[in-house]
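Dropping upload_5.cif in here (mmCIF, C-alpha atoms and all ligand atoms):
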data_run
loop_
_atom_site.label_atom_id
_atom_site.label_comp_id
_atom_site.auth_asym_id
_atom_site.auth_seq_id
_atom_site.Cartn_x
_atom_site.Cartn_y
_atom_site.Cartn_z
CA VAL A 1 6.90 -19.98 -0.15
CA THR A 2 9.41 -20.41 2.65
CA PRO A 3 11.30 -17.42 4.14
CA ASN A 4 14.36 -16.17 2.28
CA LYS A 5 13.88 -18.52 -0.69
CA PRO A 6 12.58 -17.71 -4.18
CA LEU A 7 8.86 -18.33 -4.58
CA LEU A 8 7.88 -21.78 -5.79
CA MET A 9 5.19 -22.37 -8.38
CA GLU A 10 2.85 -25.02 -6.96
CA GLU A 11 -0.54 -26.49 -7.81
CA ILE A 12 -2.82 -25.74 -4.87
CA GLU A 13 -6.44 -26.56 -4.15
CA VAL A 14 -8.72 -23.61 -3.47
CA ALA A 15 -11.86 -24.92 -1.76
CA PRO A 16 -15.28 -23.41 -2.56
CA PRO A 17 -16.40 -20.34 -0.60
CA GLN A 18 -18.16 -20.92 2.71
CA ALA A 19 -20.89 -18.71 4.24
CA ASN A 20 -20.33 -15.02 3.46
CA GLU A 21 -17.29 -15.80 1.32
CA VAL A 22 -16.53 -15.33 -2.36
CA ARG A 23 -14.04 -17.12 -4.60
CA ILE A 24 -12.17 -14.65 -6.81
CA LYS A 25 -10.32 -15.39 -10.04
CA ILE A 26 -7.31 -13.08 -9.79
CA VAL A 27 -6.52 -11.45 -13.13
CA ALA A 28 -3.61 -9.17 -12.24
CA THR A 29 -1.56 -8.18 -9.23
CA GLY A 30 1.04 -5.61 -8.35
CA VAL A 31 4.12 -6.46 -6.31
CA CYS A 32 4.44 -4.29 -3.21
CA HIS A 33 7.48 -3.91 -0.98
CA THR A 34 5.59 -5.65 1.82
CA ASP A 35 5.59 -8.87 -0.23
CA LEU A 36 9.36 -8.64 -0.26
CA TYR A 37 9.80 -7.63 3.32
CA HIS A 38 8.03 -10.76 4.34
CA LEU A 39 10.27 -12.87 2.15
CA PHE A 40 13.72 -11.50 2.63
CA GLU A 41 13.82 -9.50 5.81
CA GLY A 42 10.82 -11.10 7.49
CA MET A 43 10.88 -11.80 11.15
CA HIS A 44 7.68 -13.78 11.12
CA LYS A 45 8.44 -17.47 11.59
CA ASP A 46 4.78 -18.44 11.68
CA GLY A 47 2.45 -18.22 8.77
CA PHE A 48 4.31 -20.47 6.32
CA PRO A 49 3.83 -21.89 3.79
CA THR A 50 1.88 -18.99 2.34
CA VAL A 51 0.83 -17.52 -1.01
CA LEU A 52 2.14 -13.94 -1.20
CA GLY A 53 0.61 -10.94 -2.98
CA HIS A 54 -1.92 -8.40 -1.72
CA GLU A 55 -2.32 -5.83 -4.51
CA GLY A 56 -4.65 -7.66 -6.87
CA ALA A 57 -7.81 -7.38 -8.91
CA GLY A 58 -10.06 -10.07 -10.29
CA ILE A 59 -13.49 -11.42 -11.07
CA ILE A 60 -15.96 -13.21 -8.77
CA GLU A 61 -16.01 -16.90 -9.78
CA SER A 62 -18.51 -18.19 -7.19
CA VAL A 63 -20.22 -17.07 -4.01
CA GLY A 64 -20.98 -18.89 -0.75
CA PRO A 65 -24.28 -19.01 1.17
CA GLY A 66 -25.50 -15.65 2.42
CA VAL A 67 -23.68 -13.56 -0.18
CA THR A 68 -26.06 -11.12 -1.86
CA GLU A 69 -23.72 -8.27 -2.72
CA PHE A 70 -21.67 -10.16 -5.34
CA GLN A 71 -22.42 -12.28 -8.40
CA PRO A 72 -20.12 -14.32 -10.60
CA GLY A 73 -18.59 -11.97 -13.18
CA ASP A 74 -18.34 -8.91 -10.92
CA LYS A 75 -15.00 -7.12 -11.03
CA VAL A 76 -13.47 -6.80 -7.57
CA ILE A 77 -10.41 -5.77 -5.58
CA PRO A 78 -9.41 -7.87 -2.52
CA LEU A 79 -8.80 -5.76 0.59
CA PHE A 80 -6.38 -6.41 3.44
CA ILE A 81 -8.49 -4.11 5.62
CA ALA A 82 -12.14 -5.15 5.83
CA GLN A 83 -15.12 -2.85 6.22
CA CYS A 84 -17.74 -4.83 8.11
CA GLY A 85 -19.94 -1.78 8.61
CA GLU A 86 -20.89 -2.92 12.12
CA CYS A 87 -17.88 -2.41 14.38
CA ARG A 88 -17.02 0.68 16.37
CA PHE A 89 -14.39 1.74 13.81
CA CYS A 90 -16.62 1.28 10.77
CA LYS A 91 -19.32 3.34 12.48
CA ASN A 92 -16.92 6.21 13.19
CA PRO A 93 -16.07 8.31 10.14
CA LYS A 94 -12.68 9.12 11.66
CA SER A 95 -11.19 5.64 11.19
CA ASN A 96 -10.75 2.76 8.74
CA ASN A 97 -9.49 0.29 11.38
CA CYS A 98 -12.29 -2.28 10.97
CA THR A 99 -11.99 -5.05 13.54
CA GLU A 100 -12.49 -7.78 10.88
CA GLY A 101 -10.04 -8.80 8.14
CA TRP A 102 -6.33 -9.48 8.18
CA ALA A 103 -5.12 -6.04 9.26
CA ALA A 104 -7.08 -6.33 12.50
CA LEU A 105 -6.72 -10.07 13.09
CA ARG A 106 -3.15 -11.17 12.39
CA PRO A 107 -0.84 -8.31 11.32
CA ASP A 108 1.83 -9.82 13.57
CA VAL A 109 2.06 -13.03 11.55
CA MET A 110 1.35 -11.45 8.13
CA SER A 111 -0.79 -14.45 7.12
CA LEU A 112 -4.19 -15.78 8.14
CA GLU A 113 -4.45 -19.38 9.31
CA ASP A 114 -8.11 -20.03 8.45
CA THR A 115 -7.88 -20.37 4.66
CA ARG A 116 -9.38 -22.36 1.79
CA PHE A 117 -5.90 -23.22 0.44
CA THR A 118 -4.23 -26.61 0.63
CA CYS A 119 -1.21 -28.00 -1.18
CA LYS A 120 -0.83 -31.78 -1.38
CA GLY A 121 -3.27 -32.05 1.52
CA LYS A 122 -1.37 -29.59 3.76
CA LYS A 123 -2.64 -26.25 4.99
CA VAL A 124 -1.40 -23.11 3.20
CA TYR A 125 -1.76 -19.68 4.85
CA GLN A 126 -3.28 -16.56 3.27
CA PHE A 127 -0.88 -13.61 3.15
CA MET A 128 -2.44 -10.36 4.40
CA GLY A 129 -5.79 -12.13 4.10
CA THR A 130 -5.63 -11.82 0.32
CA SER A 131 -2.90 -13.95 -1.45
CA THR A 132 -3.11 -12.46 -4.91
CA PHE A 133 -0.21 -14.46 -6.44
CA SER A 134 -2.76 -17.21 -7.07
CA GLU A 135 -5.28 -17.90 -9.82
CA TYR A 136 -8.01 -18.17 -7.17
CA THR A 137 -8.44 -16.89 -3.64
CA VAL A 138 -11.37 -17.06 -1.20
CA MET A 139 -12.25 -14.06 0.96
CA ASN A 140 -15.00 -12.87 3.26
CA GLN A 141 -17.31 -10.48 1.42
CA ASN A 142 -16.55 -7.80 4.00
CA ALA A 143 -13.00 -7.51 2.59
CA VAL A 144 -13.84 -7.29 -1.11
CA ALA A 145 -14.64 -4.12 -3.08
CA LYS A 146 -16.97 -4.31 -6.09
CA ILE A 147 -15.68 -1.94 -8.77
CA ASP A 148 -16.84 -0.36 -12.03
CA PRO A 149 -17.07 -3.02 -14.78
CA ALA A 150 -15.22 -0.63 -17.11
CA ALA A 151 -12.07 -0.79 -14.95
CA PRO A 152 -8.95 -2.38 -16.47
CA LEU A 153 -7.92 -4.92 -13.84
CA ASP A 154 -4.25 -4.75 -14.82
CA ARG A 155 -4.20 -1.12 -13.65
CA VAL A 156 -6.73 -0.80 -10.84
CA CYS A 157 -5.07 -3.68 -8.97
CA LEU A 158 -2.61 -1.00 -7.80
CA LEU A 159 -5.43 0.50 -5.73
CA GLY A 160 -5.32 -2.61 -3.54
CA CYS A 161 -2.36 -1.20 -1.64
CA GLY A 162 0.39 1.23 -2.61
CA ILE A 163 -1.39 3.96 -4.51
CA SER A 164 -4.37 4.20 -2.16
CA THR A 165 -1.94 4.22 0.78
CA GLY A 166 0.15 7.16 -0.45
CA TYR A 167 -2.65 9.15 -2.08
CA GLY A 168 -4.92 8.87 0.97
CA ALA A 169 -2.10 9.81 3.34
CA ALA A 170 -2.09 13.20 1.60
CA VAL A 171 -5.77 13.81 0.89
CA ASN A 172 -7.27 12.12 3.98
CA THR A 173 -4.76 11.85 6.81
CA ALA A 174 -2.69 14.98 6.25
CA ALA A 175 -5.72 16.70 4.65
CA VAL A 176 -3.39 18.85 2.55
CA GLU A 177 -4.81 22.32 1.93
CA PRO A 178 -4.88 24.41 -1.25
CA GLY A 179 -1.90 26.76 -1.53
CA SER A 180 0.17 24.82 1.01
CA THR A 181 3.78 23.66 0.93
CA CYS A 182 4.41 19.91 1.25
CA ALA A 183 7.36 17.55 1.53
CA VAL A 184 7.25 13.87 0.58
CA PHE A 185 10.09 11.62 1.80
CA GLY A 186 10.77 8.53 -0.30
CA LEU A 187 9.76 8.30 -3.95
CA GLY A 188 8.67 4.70 -4.42
CA ALA A 189 5.11 4.05 -5.53
CA VAL A 190 3.69 5.11 -2.15
CA GLY A 191 5.65 8.39 -2.09
CA LEU A 192 4.79 9.18 -5.70
CA ALA A 193 1.12 8.58 -4.91
CA ALA A 194 1.48 10.95 -1.93
CA VAL A 195 2.92 13.57 -4.30
CA MET A 196 -0.12 13.05 -6.55
CA GLY A 197 -2.40 13.49 -3.51
CA CYS A 198 -0.67 16.76 -2.51
CA LYS A 199 -1.03 18.03 -6.08
CA ASN A 200 -4.74 17.06 -6.32
CA ALA A 201 -5.39 18.73 -2.95
CA GLY A 202 -4.03 21.98 -4.39
CA ALA A 203 -0.57 22.25 -2.81
CA LYS A 204 1.46 25.01 -4.46
CA LYS A 205 4.92 23.67 -3.65
CA ILE A 206 5.74 19.97 -3.32
CA PHE A 207 9.27 18.97 -2.30
CA ALA A 208 10.17 15.46 -3.45
CA ILE A 209 12.98 13.98 -1.35
CA ASP A 210 15.00 10.85 -2.07
CA ILE A 211 18.62 9.71 -1.85
CA ASN A 212 18.23 8.27 -5.38
CA PRO A 213 18.06 11.24 -7.79
CA ASP A 214 16.83 8.92 -10.60
CA LYS A 215 13.43 9.11 -8.91
CA PHE A 216 13.01 12.87 -9.42
CA GLU A 217 11.90 12.70 -13.05
CA LYS A 218 8.94 10.47 -12.16
CA ALA A 219 8.06 12.67 -9.19
CA LYS A 220 7.70 15.60 -11.61
CA VAL A 221 5.10 13.62 -13.57
CA PHE A 222 2.98 13.36 -10.41
CA GLY A 223 3.27 17.06 -9.56
CA ALA A 224 6.45 17.59 -7.53
CA THR A 225 7.83 21.11 -7.96
CA ASP A 226 11.15 20.91 -6.05
CA PHE A 227 13.65 18.09 -5.60
CA VAL A 228 16.10 17.52 -2.77
CA ASN A 229 18.68 14.78 -2.35
CA PRO A 230 19.75 14.69 1.33
CA ARG A 231 23.16 13.39 0.19
CA ASP A 232 23.82 16.69 -1.62
CA HIS A 233 23.80 18.55 1.71
CA ASP A 234 26.03 18.60 4.78
CA LYS A 235 23.23 19.88 7.01
CA PRO A 236 20.39 17.61 8.19
CA ILE A 237 17.61 17.43 5.61
CA SER A 238 15.09 18.95 8.03
CA GLN A 239 17.34 22.02 8.36
CA VAL A 240 17.70 22.27 4.59
CA LEU A 241 13.92 22.25 4.15
CA ILE A 242 13.34 24.74 6.98
CA GLU A 243 15.71 27.15 5.25
CA LEU A 244 14.12 26.63 1.84
CA THR A 245 10.61 27.29 3.19
CA ASN A 246 11.11 30.17 5.61
CA GLY A 247 10.54 28.02 8.69
CA GLY A 248 9.20 24.67 7.54
CA VAL A 249 6.57 23.00 5.38
CA ASP A 250 2.85 22.88 6.17
CA PHE A 251 2.59 19.13 5.55
CA SER A 252 5.16 16.33 5.37
CA ILE A 253 4.57 12.70 4.45
CA GLU A 254 7.09 9.97 5.23
CA CYS A 255 7.05 6.98 2.84
CA THR A 256 10.28 5.09 3.62
CA GLY A 257 9.74 3.02 6.77
CA ASN A 258 12.99 4.43 8.20
CA VAL A 259 12.64 5.84 11.72
CA GLU A 260 15.32 8.51 11.21
CA VAL A 261 13.40 9.76 8.18
CA MET A 262 10.20 9.80 10.26
CA ARG A 263 11.91 12.17 12.67
CA SER A 264 13.28 14.37 9.86
CA ALA A 265 9.80 14.57 8.36
CA LEU A 266 8.38 15.77 11.67
CA GLU A 267 11.18 18.28 12.21
CA CYS A 268 10.88 19.85 8.75
CA CYS A 269 7.28 20.89 9.50
CA VAL A 270 6.59 24.43 10.54
CA GLN A 271 5.93 24.99 14.24
CA GLY A 272 2.43 26.12 15.11
CA TRP A 273 0.48 24.06 12.59
CA GLY A 274 2.75 21.66 10.64
CA VAL A 275 1.30 18.16 10.17
CA SER A 276 3.55 15.16 9.58
CA VAL A 277 2.21 11.76 8.51
CA ILE A 278 4.05 8.44 8.88
CA VAL A 279 3.19 5.92 6.17
CA GLY A 280 6.30 3.73 5.81
CA TRP A 281 6.09 0.40 7.57
CA THR A 282 8.59 -0.94 10.08
CA ASN A 283 8.36 -2.53 13.47
CA MET A 284 12.08 -3.11 13.84
CA ASN A 285 12.94 0.16 15.59
CA ASP A 286 11.28 2.70 17.85
CA PHE A 287 11.13 6.30 16.71
CA SER A 288 11.89 9.32 18.83
CA ALA A 289 11.53 13.08 18.84
CA LYS A 290 11.87 15.98 21.24
CA PRO A 291 8.56 16.78 23.00
CA ILE A 292 8.98 20.47 22.14
CA GLN A 293 8.34 19.51 18.51
CA LEU A 294 4.74 18.64 19.40
CA ILE A 295 4.32 21.13 22.22
CA GLY A 296 5.29 23.79 19.70
CA GLY A 297 2.17 22.97 17.73
CA ARG A 298 3.12 20.26 15.23
CA THR A 299 0.86 17.23 14.78
CA TRP A 300 2.34 13.76 14.22
CA LYS A 301 -0.01 11.22 12.64
CA GLY A 302 0.10 7.77 11.10
CA SER A 303 -1.86 6.49 8.11
CA LEU A 304 -2.97 2.95 7.27
CA PHE A 305 -4.25 2.34 3.75
CA GLY A 306 -4.43 6.10 3.28
CA GLY A 307 -7.19 6.34 5.87
CA PHE A 308 -9.70 5.03 3.30
CA LYS A 309 -12.58 2.94 4.56
CA SER A 310 -11.75 0.11 2.23
CA LYS A 311 -15.05 -0.93 0.61
CA ASP A 312 -16.19 2.68 0.20
CA GLY A 313 -12.83 4.15 -0.79
CA VAL A 314 -11.52 1.73 -3.40
CA PRO A 315 -14.53 1.82 -5.80
CA GLN A 316 -14.41 5.63 -5.64
CA LEU A 317 -10.68 5.61 -6.44
CA VAL A 318 -11.39 3.34 -9.41
CA LYS A 319 -13.92 5.93 -10.64
CA ASP A 320 -11.35 8.69 -10.07
CA TYR A 321 -8.93 6.73 -12.28
CA LEU A 322 -11.54 6.27 -15.02
CA VAL A 323 -12.14 10.05 -15.12
CA LYS A 324 -8.37 10.69 -15.00
CA LYS A 325 -8.37 12.37 -11.61
CA VAL A 326 -6.02 9.68 -10.31
CA LYS A 327 -3.10 8.40 -12.38
CA LEU A 328 -2.19 4.71 -12.37
CA ASP A 329 -0.56 3.97 -15.73
CA GLU A 330 2.44 6.15 -14.85
CA PHE A 331 3.37 3.88 -11.93
CA VAL A 332 3.76 0.82 -14.14
CA THR A 333 7.38 0.21 -15.12
CA HIS A 334 7.29 -3.54 -15.84
CA LYS A 335 4.83 -6.26 -16.84
CA MET A 336 5.21 -10.04 -16.70
CA ASN A 337 3.36 -13.30 -16.21
CA LEU A 338 3.00 -15.07 -12.87
CA ASP A 339 5.68 -17.65 -13.71
CA LYS A 340 8.20 -14.77 -13.69
CA VAL A 341 7.14 -13.41 -10.29
CA ASN A 342 10.62 -13.98 -8.87
CA ASP A 343 11.99 -11.55 -11.46
CA ALA A 344 9.43 -8.99 -10.27
CA ILE A 345 10.59 -9.55 -6.71
CA GLU A 346 14.24 -9.06 -7.69
CA LEU A 347 13.36 -5.76 -9.42
CA MET A 348 11.60 -4.55 -6.28
CA LYS A 349 14.41 -5.75 -4.03
CA HIS A 350 16.97 -3.72 -5.98
CA GLY A 351 14.79 -0.60 -6.36
CA LYS A 352 14.69 -1.04 -10.15
CA CYS A 353 10.95 -0.66 -10.60
CA ILE A 354 8.09 1.48 -9.37
CA ARG A 355 5.42 -1.13 -9.98
CA THR A 356 5.46 -4.42 -11.87
CA ILE A 357 2.08 -5.70 -13.04
CA VAL A 358 1.94 -9.48 -12.91
CA SER A 359 -0.69 -11.15 -15.12
CA VAL A 360 -2.18 -14.05 -13.18
CA SER A 361 -5.08 -15.19 -15.42
CA PRO A 362 -6.30 -13.94 -18.81
CA GLN A 363 -8.79 -11.05 -18.37
C1 LIG B 401 0.99 -2.82 5.08
C2 LIG B 401 2.26 -3.11 5.76
C3 LIG B 401 2.00 -3.94 6.98
C4 LIG B 401 1.00 -3.28 7.87
C5 LIG B 401 -0.24 -2.91 7.17
C6 LIG B 401 0.02 -2.12 5.93
N1 LIG B 401 1.15 -2.09 3.95
C7 LIG B 401 1.12 -2.60 2.73
O1 LIG B 401 1.96 -3.12 2.08
ZN ZN B 402 1.42 -3.35 0.09
#

Show the structure stored in the file as structure tokens.
Ligand code: CXF
Ligand code: ZN
Amino acid sequence: VTPNKPLLMEEIEVAPPQANEVRIKIVATGVCHTDLYHLFEGMHKDGFPTVLGHEGAGIIESVGPGVTEFQPGDKVIPLFIAQCGECRFCKNPKSNNCTEGWAALRPDVMSLEDTRFTCKGKKVYQFMGTSTFSEYTVMNQNAVAKIDPAAPLDRVCLLGCGISTGYGAAVNTAAVEPGSTCAVFGLGAVGLAAVMGCKNAGAKKIFAIDINPDKFEKAKVFGATDFVNPRDHDKPISQVLIELTNGGVDFSIECTGNVEVMRSALECCVQGWGVSVIVGWTNMNDFSAKPIQLIGGRTWKGSLFGGFKSKDGVPQLVKDYLVKKVKLDEFVTHKMNLDKVNDAIELMKHGKCIRTIVSVSPQ
């Protein structure tokens, strides 16, 4: 792919795994907004050509020297955050910011340079360290989660990014409490997953907020109890929520990547103990707030991959799906084969889907 152009279908060579690496046959992948951001609004001039996709699931095809944890045939999910188990962040239960893997190494460029991909003899980069829009990808074993063999790969692929990100923002980062009142801003897949997290954590009231009222019906499926369209009100949305909740919500989760919304999400929290979590991704603009918002007792936090330690968290989420504690099927609005991936990207670009599942190889 080159920036701002439709994706090209190319034959590439995927070299065998080296020490501590595995080669994965990708079976299915979701399309996340970050795939699009890179393509159409991307500021990153380096890191091309690349293979996009980072929300995949597949099967181990071969393993390199030193790999004992995986065998050919294992079902796996590639992870853009590693869990090496050795670094300061892996050793601290408070964080999932492992110092290995793409998220730590090259988030500025979006793609890793040291890859096993070539196309007509030329180097191809690996997007978010994963590149799931490919029949095969090679990854370090520290960024691969082995999952329950009963898992349907065309569903659990969604746990590679969006659903884990939103769900964990509620259950881990915000640590939503039973009986609480929550507000979720932005009802794409990440926001809907945050709604599901609030519901599973026992929230009694969950405000779902979006400027597109078509999203409200889906939000209800995931547990939202109240729906607010900021465009229906003259007052700022934070004021509207403060009035509806006798002073503000206990927890708010921002899933838009818009810095104005981040501020509204903070300001709609109750003073004294309100917790607001930023999930949406942008590095285009700074955010701002009045210090009194925090001095008055609110907490402002950010969440990366829902705060899940990746290799521990993802297999558990797969199990939670298999016992129906976590929904995935309800996020899927479209399905297609890899040769139609540009159609999936157009749907995402125009907000016409929640998640499209792209079949990459037969399961
Ligand atoms: C990403 C966005 C870029 C920073 C890391 C998290 N989220 C997934 O799409
Ligand atoms: Zn993503």

Legend entry - Cut-off 12 Å, all atoms listed in the file, neighbours of ligand ZN 402 (chain B) as number ranges by chain: A: 29-38, 52-56, 79-81, 103, 110, 127-128, 130-132, 157-166, 188-190, 279-281, 304-306, 355

Legend entry - Test item: residues at most 9 Å from segment 326-338 of chain A, only C-alpha atoms, excluding those fewer than 6 positions along its chain, as a PyMOL selection string: chain A and resi 9+28+133-134+155-156+158-159+163+167+189+192-193+196-197+200+218+221-222+317-320+344+352-361

Inset, instruction - Determine the nearest neighbour of Gly73 of chain A from the options A:Lys349, A:Lys340, A:Arg23, A:Lys235, counting all atoms listed in the file. - result: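 Checking each candidate against Gly73 of chain A, we get A:Arg23 as the closest.
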
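Closest approach to ligand LIG 401 (chain B) among A:Ile278, A:Ala265, A:Ala150, A:Val27: A:Ile278, based on all atoms listed in the file.
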
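For the set A:Ile24, A:Cys255, A:Ile59, A:Cys119, the residue with the smallest atom-to-atom gap to ligand LIG 401 (chain B) is A:Cys255, counting only C-alpha atoms and all ligand atoms.
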
Legend entry - Pairwise distance for atom CA of Gln71 of chain A and atom CA of Thr115 of chain A, rounded to one decimal in Å: 21.2 Å

Legend entry - Which residue of A:Asp250, A:Thr173, A:Tyr136, A:Pro149 approaches Gly307 of chain A most closely, using only C-alpha atoms: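 For Gly307 of chain A, the nearest of the given residues is A:Thr173.
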
Inset, instruction - Point out the residue among A:Asn172, A:Ser62, A:Thr282, A:Thr245 with the least atom-to-atom distance to Lys301 of chain A, counting all atoms listed in the file. - result: A:Asn172

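With distances restricted to only C-alpha atoms, A:Asn142 is the closest residue to Asn20 of chain A from A:Asn142, A:Val259, A:Phe48, A:Lys94.
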
Starting from 3 Å padding per side, set up an axis-aligned box that covers all listed atoms of segment 232-245 of chain A and hand over centre and edge lengths in Å, one decimal, as lines of an AutoDock Vina configuration file.
center_x = 18.3
center_y = 22.0
center_z = 3.4
size_x = 21.4
size_y = 16.6
size_z = 16.0

Residue neighbourhood Gly202 of chain A, 7 Å, all atoms listed in the file, exclusion window fewer than 3 positions, as a PDB file with C-alpha atoms, keeping the file's coordinate frame:
ATOM      1  CA  GLU A 177      -4.810  22.320   1.930  1.00  0.00           C
ATOM      2  CA  PRO A 178      -4.880  24.410  -1.250  1.00  0.00           C
ATOM      3  CA  GLY A 179      -1.900  26.760  -1.530  1.00  0.00           C
ATOM      4  CA  CYS A 198      -0.670  16.760  -2.510  1.00  0.00           C
ATOM      5  CA  LYS A 199      -1.030  18.030  -6.080  1.00  0.00           C
TER       6      LYS A 199
END

Inset, instruction - Name all residues at most 6 Å from Ala145 of chain A (count all atoms listed in the file; drop same-chain ones fewer than 5 positions away) and give them as a list in words. - result: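 Skipping anything fewer than 5 positions along the chain leaves Val76, Ile77 and Lys311 of chain A.
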
Inset, instruction - State, in Å with one decimal place, the distance from atom CA of Gly129 of chain A to atom CA of Val22 of chain A. - result: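 So the answer is 12.9 Å.
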
Inset, instruction - Enter the distance from atom CA of Asp214 of chain A to atom CA of Ala174 of chain A, in Å, rounded to one decimal. - result: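 Between atom CA of Asp214 of chain A and atom CA of Ala174 of chain A the gap is 26.5 Å.
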